[in-house]
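Visitor: work-v1.txt is reproduced in full below (compact mmCIF, C-alpha atoms (C1' of nucleotides)).
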```
# COMPACT_ATOMS: atom_id res chain seq x y z
CA MET A 1 13.61 114.69 151.87
CA ASN A 2 15.99 117.60 151.41
CA LYS A 3 15.78 119.49 148.19
CA LEU A 4 18.56 120.86 146.09
CA LEU A 5 18.19 123.15 143.13
CA VAL A 6 20.99 123.45 140.59
CA ILE A 7 21.20 126.25 138.04
CA THR A 8 23.87 125.80 135.42
CA GLY A 9 24.68 126.60 131.79
CA PRO A 10 27.36 128.37 129.82
CA THR A 11 28.73 131.72 130.77
CA ALA A 12 26.70 134.91 130.23
CA THR A 13 23.24 133.38 130.30
CA GLY A 14 22.06 135.05 133.49
CA LYS A 15 22.44 132.27 136.02
CA THR A 16 23.27 134.54 138.94
CA VAL A 17 20.33 136.84 138.48
CA LEU A 18 17.97 133.91 138.25
CA GLY A 19 19.54 132.28 141.28
CA LEU A 20 19.10 135.37 143.38
CA ARG A 21 15.49 135.72 142.36
CA LEU A 22 14.67 132.12 143.19
CA ALA A 23 16.59 132.33 146.44
CA LYS A 24 14.38 135.19 147.54
CA LYS A 25 11.26 133.41 146.45
CA TYR A 26 12.03 130.11 148.14
CA HIS A 27 14.00 131.22 151.14
CA GLY A 28 17.19 129.79 149.73
CA GLU A 29 20.93 130.24 149.95
CA ILE A 30 23.23 130.21 146.98
CA LEU A 31 26.27 128.00 146.65
CA SER A 32 28.46 128.98 143.75
CA ALA A 33 29.97 126.29 141.51
CA ASP A 34 32.68 128.24 139.79
CA SER A 35 36.26 127.10 139.67
CA ARG A 36 37.69 130.60 139.43
CA GLN A 37 35.46 132.65 141.68
CA VAL A 38 36.78 130.66 144.61
CA TYR A 39 39.93 132.76 144.43
CA LYS A 40 40.24 135.90 146.51
CA GLY A 41 41.06 138.99 144.53
CA MET A 42 40.08 137.60 141.15
CA ASP A 43 36.88 139.57 140.94
CA ILE A 44 36.30 141.61 137.81
CA GLY A 45 37.80 139.09 135.44
CA THR A 46 35.78 136.21 136.81
CA GLY A 47 32.54 138.14 136.88
CA LYS A 48 32.33 138.04 140.64
CA ASP A 49 30.55 141.35 140.60
CA ILE A 50 29.73 141.73 144.24
CA ASN A 51 32.32 144.25 145.28
CA ASN A 52 29.83 146.33 147.18
CA PHE A 53 28.39 143.51 149.19
CA GLN A 54 29.54 142.46 152.57
CA PHE A 55 31.52 139.33 153.10
CA THR A 56 31.04 137.57 156.40
CA ILE A 57 33.43 134.90 157.52
CA PHE A 58 31.59 132.06 159.08
CA ASN A 59 33.82 129.67 160.92
CA PHE A 60 31.36 126.94 161.56
CA LYS A 61 33.99 124.53 160.46
CA LYS A 62 37.72 124.89 160.30
CA GLN A 63 39.36 123.08 157.47
CA GLY A 64 42.88 123.72 156.32
CA GLU A 65 43.32 126.80 154.25
CA PHE A 66 39.73 127.30 153.29
CA THR A 67 37.77 130.33 154.29
CA TYR A 68 34.15 129.55 154.86
CA GLY A 69 32.10 132.64 154.39
CA PHE A 70 29.30 134.21 152.44
CA TYR A 71 28.46 137.41 150.68
CA ASP A 72 25.18 139.01 151.56
CA VAL A 73 23.68 139.99 148.23
CA GLY A 74 20.54 141.94 148.90
CA GLY A 75 19.62 139.64 151.75
CA VAL A 76 20.62 136.42 150.04
CA LYS A 77 23.63 134.50 151.26
CA VAL A 78 26.10 133.48 148.57
CA TRP A 79 28.63 130.79 149.46
CA GLY A 80 31.51 129.36 147.52
CA LEU A 81 33.34 132.58 146.80
CA ASP A 82 36.73 133.76 148.06
CA ILE A 83 37.63 130.42 149.55
CA VAL A 84 41.37 130.45 148.92
CA GLU A 85 44.29 132.60 147.81
CA PRO A 86 45.08 132.47 144.07
CA GLY A 87 48.23 130.42 144.65
CA TYR A 88 46.32 127.54 146.19
CA PRO A 89 45.71 124.63 143.82
CA PHE A 90 42.01 124.31 144.47
CA ASN A 91 40.40 121.34 142.75
CA VAL A 92 37.23 119.29 142.41
CA SER A 93 37.88 117.29 145.52
CA ASP A 94 38.23 120.49 147.53
CA TYR A 95 35.05 121.78 146.03
CA VAL A 96 33.07 118.67 146.84
CA ASN A 97 34.27 118.81 150.45
CA TYR A 98 33.45 122.46 150.75
CA ALA A 99 30.09 122.13 149.05
CA ASN A 100 28.96 119.18 151.15
CA ALA A 101 29.74 121.14 154.28
CA ILE A 102 27.66 124.07 153.09
CA LEU A 103 24.80 121.90 151.89
CA GLY A 104 24.56 120.23 155.27
CA PHE A 105 24.59 123.56 156.98
CA VAL A 106 21.90 125.07 154.80
CA TRP A 107 19.65 122.07 155.14
CA GLU A 108 20.09 122.11 158.89
CA GLN A 109 18.48 125.51 158.89
CA GLY A 110 15.61 124.21 156.85
CA LYS A 111 16.57 126.31 153.87
CA LEU A 112 16.89 125.50 150.18
CA PRO A 113 20.42 125.36 148.78
CA ILE A 114 20.69 126.60 145.22
CA ILE A 115 23.86 125.72 143.38
CA VAL A 116 24.64 128.28 140.72
CA GLY A 117 27.56 127.93 138.37
CA GLY A 118 29.06 126.84 135.12
CA THR A 119 31.85 124.54 136.24
CA GLY A 120 30.25 121.34 135.08
CA GLN A 121 32.80 119.04 136.59
CA TYR A 122 32.33 120.47 140.07
CA ILE A 123 28.59 119.92 139.88
CA LYS A 124 28.90 116.49 138.37
CA GLU A 125 31.38 115.25 140.94
CA LEU A 126 29.36 116.66 143.80
CA LEU A 127 26.24 114.90 142.60
CA LEU A 128 27.84 111.75 141.24
CA PRO A 129 31.28 111.34 142.75
CA SER A 130 33.69 109.07 140.93
CA GLU A 131 35.82 106.51 142.78
CA THR A 132 39.10 108.31 142.42
CA LEU A 133 37.71 111.73 143.29
CA HIS A 134 39.58 111.95 146.55
CA LEU A 135 42.75 110.18 145.52
CA PRO A 136 45.26 112.99 146.00
CA PRO A 137 47.95 113.98 143.52
CA ASP A 138 51.43 112.62 144.03
CA GLU A 139 53.47 115.77 143.62
CA LYS A 140 56.78 113.98 143.46
CA LEU A 141 55.57 111.65 140.74
CA ARG A 142 54.04 114.51 138.81
CA GLU A 143 57.23 116.44 138.95
CA GLU A 144 59.08 113.52 137.44
CA LEU A 145 56.41 112.86 134.81
CA ASN A 146 56.24 116.49 133.79
CA SER A 147 59.42 116.22 131.79
CA PHE A 148 58.14 113.21 129.88
CA THR A 149 56.98 113.39 126.29
CA VAL A 150 53.51 112.15 125.42
CA ALA A 151 55.05 109.02 123.90
CA GLN A 152 56.97 108.30 127.10
CA LEU A 153 53.87 108.76 129.21
CA GLN A 154 51.92 106.44 126.96
CA GLU A 155 54.62 103.83 127.25
CA ARG A 156 54.70 104.08 131.03
CA LEU A 157 50.96 103.77 131.38
CA GLN A 158 50.80 100.82 129.02
CA ARG A 159 53.40 99.11 131.13
CA ILE A 160 51.85 99.65 134.55
CA ASN A 161 48.18 99.51 133.63
CA GLY A 162 47.47 98.23 130.16
CA ALA A 163 43.78 97.86 130.90
CA LYS A 164 43.42 101.55 131.67
CA TRP A 165 45.28 102.40 128.50
CA GLU A 166 42.94 100.22 126.47
CA GLN A 167 39.96 102.06 127.89
CA MET A 168 41.26 105.48 127.01
CA ASN A 169 40.05 107.14 123.84
CA GLN A 170 42.09 108.68 121.09
CA SER A 171 41.87 112.13 122.58
CA ASP A 172 42.86 111.21 126.12
CA ARG A 173 45.79 109.19 124.89
CA GLN A 174 47.27 112.38 123.52
CA ASN A 175 46.50 114.32 126.66
CA SER A 176 49.53 114.34 128.91
CA ARG A 177 47.52 115.66 131.82
CA ARG A 178 45.18 112.70 131.64
CA LEU A 179 48.04 110.28 131.13
CA ILE A 180 49.81 111.60 134.20
CA ARG A 181 46.74 111.23 136.35
CA ALA A 182 46.13 107.73 135.05
CA ILE A 183 49.69 106.78 135.91
CA GLU A 184 49.26 108.39 139.30
CA VAL A 185 46.12 106.40 140.02
CA ALA A 186 47.69 103.19 138.80
CA THR A 187 50.78 103.76 140.92
CA ALA A 188 48.80 104.46 144.07
CA GLY A 189 46.61 101.45 143.47
CA SER A 190 49.48 99.07 143.13
CA ASP A 191 51.71 99.90 146.03
CA SER A 192 49.21 100.68 148.73
CA VAL A 193 47.04 97.97 150.26
CA GLN A 194 43.96 99.37 148.72
CA SER A 195 43.82 102.65 146.90
CA PRO A 196 43.29 105.41 149.46
CA THR A 197 40.05 106.22 147.80
CA ARG A 198 37.31 107.41 150.03
CA GLN A 199 34.24 106.34 148.17
CA GLU A 200 31.56 108.89 148.54
CA ARG A 201 27.96 108.95 147.52
CA GLY A 202 26.23 112.00 146.23
CA PRO A 203 23.94 113.92 148.58
CA GLU A 204 20.67 112.28 149.55
CA ALA A 205 18.27 114.79 148.13
CA ASP A 206 15.53 115.55 145.69
CA ILE A 207 17.52 117.36 143.04
CA LEU A 208 16.32 119.52 140.17
CA LEU A 209 18.84 120.61 137.55
CA VAL A 210 17.97 123.47 135.26
CA GLY A 211 20.20 124.79 132.51
CA LEU A 212 20.17 128.19 130.87
CA THR A 213 21.27 128.45 127.29
CA ALA A 214 21.02 130.60 124.15
CA PRO A 215 21.87 130.20 120.47
CA SER A 216 25.57 130.76 119.82
CA PRO A 217 25.31 134.12 118.07
CA VAL A 218 23.37 135.55 120.99
CA LEU A 219 25.67 134.00 123.52
CA TYR A 220 28.72 135.39 121.74
CA GLU A 221 27.21 138.85 121.67
CA ARG A 222 26.53 138.74 125.38
CA ILE A 223 30.02 137.50 126.10
CA ASP A 224 31.56 140.27 124.00
CA LYS A 225 29.59 142.87 125.84
CA ARG A 226 30.66 141.51 129.18
CA VAL A 227 34.30 141.49 128.24
CA GLU A 228 34.07 145.14 127.23
CA GLN A 229 32.40 145.97 130.53
CA ARG A 230 35.13 144.25 132.46
CA PHE A 231 37.73 146.48 130.92
CA THR A 232 35.79 149.60 131.75
CA ALA A 233 35.20 148.24 135.23
CA GLY A 234 38.93 148.21 135.89
CA MET A 235 40.27 144.93 134.64
CA GLU A 236 43.65 146.45 133.88
CA GLU A 237 44.01 147.57 137.48
CA GLU A 238 43.04 144.15 138.74
CA ARG A 239 45.64 142.57 136.52
CA LYS A 240 48.24 144.96 137.81
CA LYS A 241 47.30 144.27 141.39
CA LEU A 242 47.70 140.55 140.84
CA SER A 243 50.79 140.72 138.67
CA GLY A 244 53.69 138.75 140.00
CA ARG A 245 51.41 136.42 141.94
CA LYS A 246 50.85 132.83 141.03
CA LEU A 247 47.45 132.59 139.37
CA PRO A 248 45.43 129.68 138.09
CA ASN A 249 45.45 129.49 134.29
CA THR A 250 42.44 131.65 133.61
CA ILE A 251 40.88 133.40 130.66
CA GLY A 252 41.34 137.12 130.99
CA TYR A 253 44.34 136.91 133.31
CA ARG A 254 46.96 136.02 130.74
CA GLY A 255 47.18 139.48 129.30
CA GLU A 256 44.81 138.91 126.42
CA THR A 257 43.50 141.77 124.32
CA ALA A 258 39.74 142.25 124.36
CA THR A 259 39.41 140.35 121.09
CA GLU A 260 41.48 137.41 122.27
CA TRP A 261 39.54 137.28 125.48
CA LYS A 262 36.22 137.23 123.65
CA PHE A 263 37.26 134.39 121.40
CA ALA A 264 38.63 132.37 124.31
CA GLU A 265 35.38 132.86 126.12
CA HIS A 266 33.32 131.77 123.10
CA ALA A 267 35.26 128.53 122.96
CA TYR A 268 34.86 128.11 126.68
CA ALA A 269 31.09 128.45 126.39
CA ARG A 270 31.09 125.77 123.70
CA ARG A 271 33.06 123.42 125.93
CA GLN A 272 30.65 124.05 128.76
CA MET A 273 27.69 123.10 126.60
CA THR A 274 29.37 119.92 125.44
CA TYR A 275 30.19 118.89 128.98
CA LEU A 276 26.83 119.68 130.49
CA LYS A 277 24.82 118.10 127.68
CA HIS A 278 26.70 114.82 127.84
CA GLN A 279 27.85 114.50 131.44
CA LEU A 280 24.69 115.77 133.10
CA PRO A 281 21.88 114.59 130.82
CA ARG A 282 19.24 115.22 133.49
CA ILE A 283 19.41 118.97 133.03
CA VAL A 284 16.16 120.61 131.97
CA TRP A 285 17.15 123.30 129.49
CA PHE A 286 15.69 126.75 128.98
CA ASP A 287 16.61 128.97 126.04
CA VAL A 288 16.69 132.49 127.43
CA THR A 289 15.90 133.97 124.03
CA GLN A 290 12.55 132.17 123.94
CA ASP A 291 9.38 133.90 125.01
CA SER A 292 8.36 133.40 128.60
CA TRP A 293 11.22 131.08 129.37
CA SER A 294 11.43 132.36 132.90
CA ALA A 295 7.73 131.87 133.57
CA LYS A 296 8.03 128.31 132.34
CA LEU A 297 11.09 127.76 134.44
CA GLU A 298 9.49 129.14 137.56
CA ARG A 299 6.44 127.00 137.03
CA GLN A 300 8.63 123.95 136.81
CA VAL A 301 10.62 124.88 139.88
CA GLY A 302 7.42 125.64 141.78
CA LYS A 303 5.96 122.29 140.95
CA TRP A 304 9.12 120.51 141.99
CA TYR A 305 9.44 122.54 145.17
CA THR A 306 5.98 121.77 146.41
CA THR A 307 6.07 118.08 145.54
CA LYS A 308 6.58 115.99 148.65
CA THR A 309 9.20 113.30 148.35
CA VAL A 310 10.09 110.75 150.91
C1' G B 1 52.38 160.39 86.51
C1' C B 2 56.94 157.51 87.77
C1' C B 3 59.55 153.70 90.76
C1' G B 4 59.06 149.60 94.22
C1' A B 5 56.03 145.71 96.76
C1' G B 6 51.77 142.96 96.38
C1' G B 7 46.72 140.71 95.26
C1' U B 8 46.07 132.88 97.93
C1' A B 9 40.26 129.73 101.87
C1' G B 10 35.86 133.98 106.85
C1' C B 11 40.67 136.67 108.57
C1' A B 12 46.07 136.72 109.03
C1' G B 13 49.76 134.35 106.32
C1' A B 14 53.11 130.23 103.77
C1' G B 15 53.76 128.15 99.04
C1' C B 16 56.79 130.41 93.99
C1' G B 17 56.31 124.75 87.63
C1' G B 18 54.02 118.50 89.07
C1' C B 19 54.18 115.51 95.72
C1' C B 20 48.38 121.69 96.26
C1' A B 21 41.87 121.79 97.60
C1' A B 22 46.75 124.52 99.04
C1' A B 23 51.47 124.70 105.53
C1' U B 24 50.54 127.34 110.06
C1' G B 25 47.71 130.44 113.43
C1' C B 26 42.95 132.55 114.45
C1' A B 27 37.72 132.21 113.85
C1' C B 28 33.93 128.64 113.39
C1' G B 29 31.48 123.47 113.93
C1' G B 30 31.63 118.73 116.51
C1' G B 31 33.65 115.69 120.46
C1' A B 32 36.35 113.76 124.95
C1' C B 33 36.60 114.41 130.10
C1' U B 34 36.89 109.53 137.08
C1' G B 35 41.63 115.59 141.82
C1' U B 36 44.82 121.39 137.15
C1' A B 37 38.02 121.81 134.13
C1' A B 38 37.73 129.58 132.66
C1' A B 39 42.15 123.69 132.41
C1' U B 40 43.80 119.91 129.00
C1' C B 41 43.14 117.00 124.69
C1' C B 42 40.93 114.96 119.84
C1' C B 43 38.32 115.46 115.01
C1' G B 44 36.35 118.57 111.05
C1' C B 45 36.50 123.07 108.22
C1' G B 46 35.76 124.84 98.97
C1' C B 47 31.36 121.94 96.85
C1' C B 48 29.15 116.95 95.69
C1' C B 49 28.97 111.32 96.25
C1' G B 50 30.89 107.61 100.02
C1' A B 51 30.74 104.53 106.53
C1' A B 52 35.71 104.52 104.81
C1' A B 53 39.25 103.86 101.18
C1' G B 54 38.44 106.83 97.43
C1' G B 55 36.12 109.45 93.36
C1' G B 56 34.03 113.84 90.78
C1' C B 57 33.56 119.23 90.18
C1' U B 58 34.98 124.40 90.78
C1' A B 59 39.36 126.99 92.66
C1' C B 60 44.81 130.87 94.48
C1' C B 61 42.15 139.28 91.38
C1' C B 62 40.42 139.24 85.79
C1' A B 63 41.56 138.02 80.54
C1' G B 64 44.87 135.77 77.39
C1' G B 65 49.50 132.94 76.55
C1' U B 66 53.87 129.37 77.37
C1' U B 67 54.02 124.16 79.01
C1' C B 68 52.58 117.16 78.85
C1' G B 69 51.39 120.04 83.47
C1' A B 70 50.67 126.83 86.41
C1' A B 71 48.67 129.46 92.69
C1' U B 72 53.68 129.21 90.87
C1' C B 73 56.54 131.49 84.21
C1' C B 74 55.08 135.50 80.25
C1' U B 75 51.68 139.60 78.34
C1' G B 76 47.74 142.98 79.15
C1' G B 77 44.05 144.88 82.48
C1' C B 78 41.93 146.15 87.27
C1' C B 79 42.85 147.06 92.40
C1' U B 80 45.87 147.84 97.11
C1' C B 81 50.09 149.52 99.79
C1' G B 82 55.07 152.15 100.33
C1' G B 83 58.54 155.84 98.08
C1' C B 84 59.21 159.80 94.47
C1' A B 85 56.68 163.60 92.04
```
Mind turning the file's structure into structure tokens?
Guide:
Amino acid sequence: MNKLLVITGPTATGKTVLGLRLAKKYHGEILSADSRQVYKGMDIGTGKDINNFQFTIFNFKKQGEFTYGFYDVGGVKVWGLDIVEPGYPFNVSDYVNYANAILGFVWEQGKLPIIVGGTGQYIKELLLPSETLHLPPDEKLREELNSFTVAQLQERLQRINGAKWEQMNQSDRQNSRRLIRAIEVATAGSDSVQSPTRQERGPEADILLVGLTAPSPVLYERIDKRVEQRFTAGMEEERKKLSGRKLPNTIGYRGETATEWKFAEHAYARRQMTYLKHQLPRIVWFDVTQDSWSAKLERQVGKWYTTKTV
RNA sequence: GCCGAGGUAGCAGAGCGGCCAAAUGCACGGGACUGUAAAUCCCGCGCCCGAAAGGGCUACCCAGGUUCGAAUCCUGGCCUCGGCA
């Protein structure tokens, strides 16, 4: 049975370094799971620090506006980066399609795919796809709904799908983004024969999920240091280069000061932990401030890697 | 030394006699998440008891005072900032 290793955790815990090391050790290829590093040109601010490595476009499969290619990082192939232009509304569904293509390709070569990234939703949906994952947005409907107040959205949803409304929790009921999607799903479901959902199963594989974490104070310190480095690495220039272009709403690209950026990133790390802990409970966690965490981790990975599964 | 402004929760900053344990923002803690996820949204945030409703205690620089009642008014002190010397 094919194997798939997943390395996740909040930002600034050293996922990339670990991924590269394990890729070398196990003859693997890395597949990034990062919702912002998929954008071309957003490099310094997203921590895509591979400017000196070569990017090779690999057109083994043509699909719309995606660029399939990899960076060669010291002999290790890294996929999942620079897929689209910043104006493209890349989303989970796109990621799952892209990732499945890469996984198949890597396995075909008899190599080990290693997913590395902190976008919990991308990993979760790849592994455990939900029914409406591939139900596309209805731009016209969204445009109309965008001018609605939360109360109006609530009313509309209650009218067209009361059951869905009942299921929603207090927080989602105040979340216009969620309300709009719920209305969108309900609308599609009612006027098409069957919802155009393409049910998908997660990859057939022996999967090991490891998570890297650290106590908040340590994490915050690391984040702060990274933000400082990004400014000295030329973040201002990158911002200037991208100014005027349509960018995805991203920390660090909204003109924040260093302090604002740090705080936003702290909160982001917290959200990541909450998501990963609860949505992907199978993760085996390693605190990178503990002694010999990496030896323990490698032992675990080694054991998993050599265990035959049918 | 004189004149003016001011000292409020971790920070910034409202309040200017009762409705104030004190708006709001930030920070911080917890949570949600079925195609925007580095996004979006919810809850908490003086201390103690309680599941909650609620109750108790200590509070708005310090010390006095006025008042049924003071973060809010008065007096003195200490400190900070701006202007003049």
Visitor: Enumerate as a PyMOL selection string the residues belonging to chain A that approach chain B to within 9 Å, with all atoms listed in the file taken into account.
Guide: chain A and resi 34-36+46+89-94+119-122+125+129-137+169-178+181+248-252+263-265+268+274-275+279
Visitor: Work out how far apart CA of Gln152 (chain A) and CA of Val185 (chain A) are and give it in Å to one decimal.
Guide: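 Pair CA of Gln152 (chain A) / CA of Val185 (chain A) returns 17.0 Å.
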Visitor: Near Arg222 (chain A), within 12 Å and counting only C-alpha atoms (C1' of nucleotides), which residues show up once chain neighbours fewer than 6 positions away are dropped, as a ChimeraX atom specification?
Guide: /A:10-14,213-216,228-229,262,265-266,269,288-289
Visitor: Find the residues around Leu247 (chain A) up to 12 Å (all atoms listed in the file counted), leave out those fewer than 4 positions away in its own chain, and share them as a PyMOL selection string.
Guide: (chain A and resi 36+39-42+84-90+239+241-243+251-254) or (chain B and resi 36)
Visitor: Step by step: start from the point (54.6, 107.2, 128.7) in the file's coordinates, keep every protein, DNA or RNA residue that has an atom no farther than 12 Å from it, count only C-alpha atoms (C1' of nucleotides), and write the set as a ChimeraX atom specification.
Guide: /A:144-162,165,173-184
Visitor: For a test of reading the model, state the distance in Å between CA of Glu29 (chain A) and CA of Ile114 (chain A), rounded to one decimal.
Guide: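 Between these atoms lies a distance of 6.0 Å.
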Visitor: What separation in Å, quoted to one decimal, exists between CA of Gly28 (chain A) and CA of Pro113 (chain A)?
Guide: 5.6 Å
Visitor: Could you check which of A:Leu22, A:Ala267, A:Ile44, A:Ala188 is closest to Ile223 (chain A), using all atoms listed in the file?
Guide: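 Selected residue with least distance to Ile223 (chain A): A:Ala267.
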Visitor: Give as an MDAnalysis selection string the set of residues within 6 Å of the point (46.4, 142.3, 95.4), where distances use the file's coordinates and all atoms listed in the file.
Guide: chainID B and resid 6:7 80
Visitor: Please determine, counting only C-alpha atoms, which residue among A:Thr307, A:Gln272, A:Ser292, A:Asn2 has the shortest atom-to-atom distance to Gln109 (chain A).
Guide: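 Result for the nearest residue to Gln109 (chain A): A:Asn2.
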Visitor: Please provide as an MDAnalysis selection string all residues within 7 Å of region 58-73 of chain B, with the sequence filter that same-chain residues fewer than 2 positions apart are discarded (counting all atoms listed in the file).
Guide: chainID B and resid 7:8 16:18
